[in-house]
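Okay, start08.cif now, which holds mmCIF, C-alpha atoms:
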data_data
#
loop_
_atom_site.label_atom_id
_atom_site.label_comp_id
_atom_site.auth_asym_id
_atom_site.auth_seq_id
_atom_site.Cartn_x
_atom_site.Cartn_y
_atom_site.Cartn_z
CA MET F 63 10.07 18.45 6.70
CA ASP F 64 12.25 15.79 5.09
CA ALA F 65 10.47 14.25 2.11
CA LYS F 66 11.56 10.70 2.99
CA GLU F 67 10.35 11.13 6.56
CA THR F 68 6.83 11.85 5.31
CA ILE F 69 6.84 8.48 3.53
CA PHE F 70 7.47 6.73 6.85
CA TRP F 71 4.75 8.72 8.62
CA SER F 72 2.30 7.92 5.83
CA ALA F 73 3.31 4.28 6.01
CA ALA F 74 2.50 4.34 9.72
CA PHE F 75 -0.94 5.77 8.99
CA PRO F 76 -2.22 7.34 5.76
CA GLY F 77 -2.74 11.06 6.35
CA PHE F 78 0.00 11.59 8.93
CA GLY F 79 2.47 12.71 6.25
CA GLN F 80 0.00 15.30 4.98
CA ILE F 81 -0.54 16.61 8.51
CA LEU F 82 3.23 16.92 8.97
CA ASN F 83 3.34 18.88 5.72
CA GLY F 84 0.68 21.26 7.04
CA LYS F 85 -2.03 19.94 4.69
CA LEU F 86 -4.51 19.35 7.50
CA ILE F 87 -7.72 18.96 5.50
CA LYS F 88 -6.12 16.54 3.07
CA GLY F 89 -4.55 14.65 5.98
CA PHE F 90 -7.84 14.26 7.82
CA ILE F 91 -9.55 13.13 4.60
CA PHE F 92 -6.91 10.41 4.18
CA ILE F 93 -7.31 9.40 7.84
CA GLY F 94 -11.09 9.24 7.45
CA LEU F 95 -10.82 7.13 4.30
CA GLU F 96 -8.31 4.81 5.96
CA VAL F 97 -10.57 4.28 8.96
CA LEU F 98 -13.61 3.72 6.71
CA ILE F 99 -11.85 1.15 4.52
CA ASN F 100 -10.18 -0.50 7.52
CA VAL F 101 -13.45 -0.91 9.41
CA GLN F 102 -15.55 -1.95 6.41
CA GLY F 103 -12.87 -4.38 5.24
CA ASN F 104 -12.44 -5.89 8.75
CA PHE F 105 -8.72 -5.39 8.29
CA ASN F 106 -7.79 -5.25 11.98
CA SER F 107 -9.46 -8.62 12.59
CA ALA F 108 -7.64 -10.06 9.57
CA ILE F 109 -4.34 -8.75 10.96
CA ILE F 110 -4.99 -10.29 14.37
CA TYR F 111 -5.91 -13.68 12.89
CA SER F 112 -2.91 -13.56 10.54
CA PHE F 113 -0.49 -12.87 13.37
CA GLN F 114 -2.03 -15.75 15.29
CA GLY F 115 -1.51 -18.04 12.30
CA GLU F 116 -5.24 -18.50 11.70
CA ILE F 117 -5.19 -17.70 7.99
CA GLN F 118 -8.58 -19.26 7.16
CA LYS F 119 -10.26 -17.07 9.79
CA ALA F 120 -8.42 -14.03 8.41
CA ILE F 121 -9.75 -14.83 4.94
CA GLN F 122 -13.28 -15.38 6.25
CA VAL F 123 -13.50 -12.06 8.13
CA THR F 124 -11.97 -10.00 5.31
CA ASN F 125 -14.35 -8.01 3.16
CA HIS F 126 -12.32 -7.99 -0.05
CA GLN F 127 -14.73 -5.59 -1.76
CA TRP F 128 -13.68 -2.86 0.67
CA LEU F 129 -10.12 -3.91 1.30
CA MET F 130 -9.24 -3.72 -2.41
CA PHE F 131 -9.24 0.10 -2.02
CA TYR F 132 -6.65 0.03 0.76
CA PRO F 133 -3.40 -0.41 -1.24
CA CYS F 134 -4.21 2.45 -3.61
CA LEU F 135 -5.15 4.79 -0.77
CA TYR F 136 -2.08 3.73 1.20
CA PHE F 137 0.48 4.24 -1.56
CA PHE F 138 -1.16 7.36 -2.96
CA SER F 139 -1.03 8.88 0.52
CA MET F 140 2.68 8.08 0.75
CA TRP F 141 3.36 9.51 -2.73
CA ASP F 142 1.29 12.64 -2.05
CA ALA F 143 3.06 13.37 1.25
CA TYR F 144 6.47 12.76 -0.35
CA ARG F 145 5.66 15.08 -3.27
CA ASP F 146 4.23 17.81 -1.01
CA ALA F 147 7.42 17.71 1.09
CA GLY F 148 9.53 18.44 -1.99
CA GLY F 149 10.37 14.92 -3.13
CA GLY F 150 9.48 13.29 -6.39
CA LYS F 151 10.96 15.96 -8.63
CA LYS F 152 12.73 13.44 -10.85
CA PRO F 153 10.76 12.24 -13.89
CA TRP F 154 8.60 9.19 -13.35
CA SER F 155 9.45 9.03 -9.64
CA SER F 156 5.88 7.98 -8.88
CA LEU F 157 6.30 4.59 -10.58
CA PRO F 158 7.59 2.68 -7.51
CA PHE F 159 4.49 3.86 -5.61
CA VAL F 160 2.15 3.02 -8.50
CA PHE F 161 3.55 -0.47 -9.05
CA SER F 162 3.62 -1.13 -5.30
CA ALA F 163 -0.10 -0.33 -5.10
CA TYR F 164 -0.77 -2.53 -8.12
CA PHE F 165 1.18 -5.55 -6.86
CA VAL F 166 -0.18 -5.31 -3.30
CA THR F 167 -3.69 -5.20 -4.77
CA LEU F 168 -2.86 -8.32 -6.82
CA GLY F 169 -1.57 -9.99 -3.66
CA LEU F 170 -4.83 -9.18 -1.91
CA PHE F 171 -6.83 -10.40 -4.89
CA TYR F 172 -5.15 -13.83 -4.84
CA SER F 173 -4.71 -14.04 -1.07
CA SER F 174 -7.47 -16.58 -0.50
CA LYS F 175 -6.26 -19.01 -3.19
CA LEU F 176 -2.52 -18.71 -3.87
CA ASN F 177 -0.24 -21.09 -2.00
CA ILE F 178 3.49 -20.38 -1.81
CA PHE F 179 5.57 -23.45 -0.97
CA GLY F 180 2.35 -25.14 0.11
CA MET F 181 1.35 -22.35 2.49
CA LEU F 182 -1.69 -20.13 2.22
CA LEU F 183 -0.52 -16.69 3.39
CA GLY F 184 -3.87 -14.87 3.43
CA PRO F 185 -4.94 -11.23 3.14
CA VAL F 186 -2.11 -9.75 5.22
CA TRP F 187 1.07 -11.69 4.45
CA LEU F 188 0.64 -12.31 0.72
CA PRO F 189 0.04 -8.63 -0.16
CA MET F 190 3.07 -7.72 1.95
CA LEU F 191 5.12 -10.27 0.04
CA PHE F 192 3.87 -8.84 -3.26
CA LEU F 193 5.25 -5.44 -2.21
CA ILE F 194 8.77 -6.64 -3.09
CA PRO F 195 8.12 -7.17 -6.83
CA GLY F 196 6.02 -4.01 -6.81
CA ILE F 197 8.85 -1.78 -5.62
CA LEU F 198 11.44 -3.51 -7.81
CA SER F 199 9.33 -3.36 -10.96
CA GLY F 200 8.55 0.30 -10.32
CA PHE F 201 12.25 1.18 -10.18
CA ILE F 202 13.12 -1.05 -13.16
CA ILE F 203 10.34 0.30 -15.37
CA ARG F 204 11.29 3.86 -14.38
CA ARG F 205 14.86 3.20 -15.54
CA ILE F 206 13.63 1.69 -18.79
CA VAL F 207 11.31 4.64 -19.49
CA LEU F 208 14.09 7.13 -18.74
CA TYR F 209 16.55 5.20 -20.91
CA PHE F 210 14.26 5.37 -23.95
CA LYS F 211 13.05 8.91 -23.33
#
The structure in this file should be written as structure tokens.
Amino acid sequence: MDAKETIFWSAAFPGFGQILNGKLIKGFIFIGLEVLINVQGNFNSAIIYSFQGEIQKAIQVTNHQWLMFYPCLYFFSMWDAYRDAGGGKKPWSSLPFVFSAYFVTLGLFYSSKLNIFGMLLGPVWLPMLFLIPGILSGFIIRRIVLYFK
């Protein structure tokens, strides 16, 4: 299994990358956790409202207490599948995943209050937007750490 391919499968649904790697129990645990957090956080309803442009409804239906777990589960699942498939052998290669989880969580945390160019993006779009600085900072900090190592 190609290590990068497992990242895409885990991005599609946490646990799929583990199943592709033959780690069935771990994969089903990730799937179970994803379903639990998704249902308890009302994430599917928030996604539907967000795609319909009804951001206030998306914010109202979201259970942030549960949904705050989602980015960490999501990115850890991607990292774990990537590592199990033979990727991540370079030092500090987990940092883009770690910082992505951190920044997406920050995006979720501020999703009901932060306006960008006068627009409230809500619990789906703002965390997705925060993924960009998460990935970039992960790669930049990795380079800095390796430079001074």
| query | For Ser72 in chain F, which residue out of F:Ile202, F:Ile93, F:Met140, F:Ile110 is the nearest one, using only C-alpha atoms? | reply |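 Looking only at the distances to Ser72 in chain F, the closest residue turns out to be F:Met140.
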| request: Please write as a ChimeraX atom specification the full residue list that the PyMOL selection byres ((chain F and resi 138) around 12) yields on this file. | output: /F:69,72-73,76-77,79-80,92,96,131-137,139-146,156-164
| query | If the PyMOL selection byres ((chain F and resi 123) around 7) is run on the structure shown, which residues does it catch, given as JSON, numbers by chain? | reply | {"F": [104, 107, 108, 119, 120, 121, 122, 124, 125]}
| field | Residue among F:Leu208, F:Pro153, F:Gly148, F:Met190 lying closest to Leu168 in chain F, counting all atoms listed in the file | value |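 Nearest to Leu168 in chain F: F:Met190.
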| query | Hey, can you check how far CA of Gln118 in chain F sits from CA of Ile99 in chain F? | reply |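 Computing the Euclidean distance for CA of Gln118 in chain F and CA of Ile99 in chain F yields 20.8 Å.
Using only C-alpha atoms for every distance, the candidate list F:Phe70, F:Phe75, F:Phe113, F:Phe165 yields F:Phe75 as the residue closest to Gly89 in chain F.
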| request: Quick one: pull the distance between CA of Asn100 in chain F and CA of Leu170 in chain F, Å, one decimal. | output: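 Computing the Euclidean distance for CA of Asn100 in chain F and CA of Leu170 in chain F yields 13.9 Å.
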| request: Tell me, in Å to one decimal, how far CA of Gly103 in chain F is from CA of Trp128 in chain F. | output: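 Distance reported for this atom pair: 4.9 Å.
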| said: From the options F:Gly84, F:Ile117, F:Phe201, F:Gly94, which residue's atoms come nearest to Lys175 in chain F, counting all atoms listed in the file? | reply: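 Once distances to Lys175 in chain F are computed over all atoms listed in the file, the minimum belongs to F:Ile117.
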Work out where the centre of an axis-aligned box around every listed atom of range 63-80 of chain F lies and how long its edges are once 5 Å is added on each side; give both in Å to one decimal as JSON.
{"center_x": 4.8, "center_y": 11.4, "center_z": 5.9, "size_x": 25.0, "size_y": 24.2, "size_z": 17.6}
| request: Using all atoms listed in the file, pick whichever of F:Gln102, F:Ile203, F:Val186, F:Trp154 has the shortest atom-to-atom distance to Ser173 in chain F. | output: F:Val186
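Among the candidates F:Lys211, F:Lys151, F:His126, F:Ser199, the residue lying nearest to Pro185 in chain F is F:His126 (atoms considered: only C-alpha atoms).
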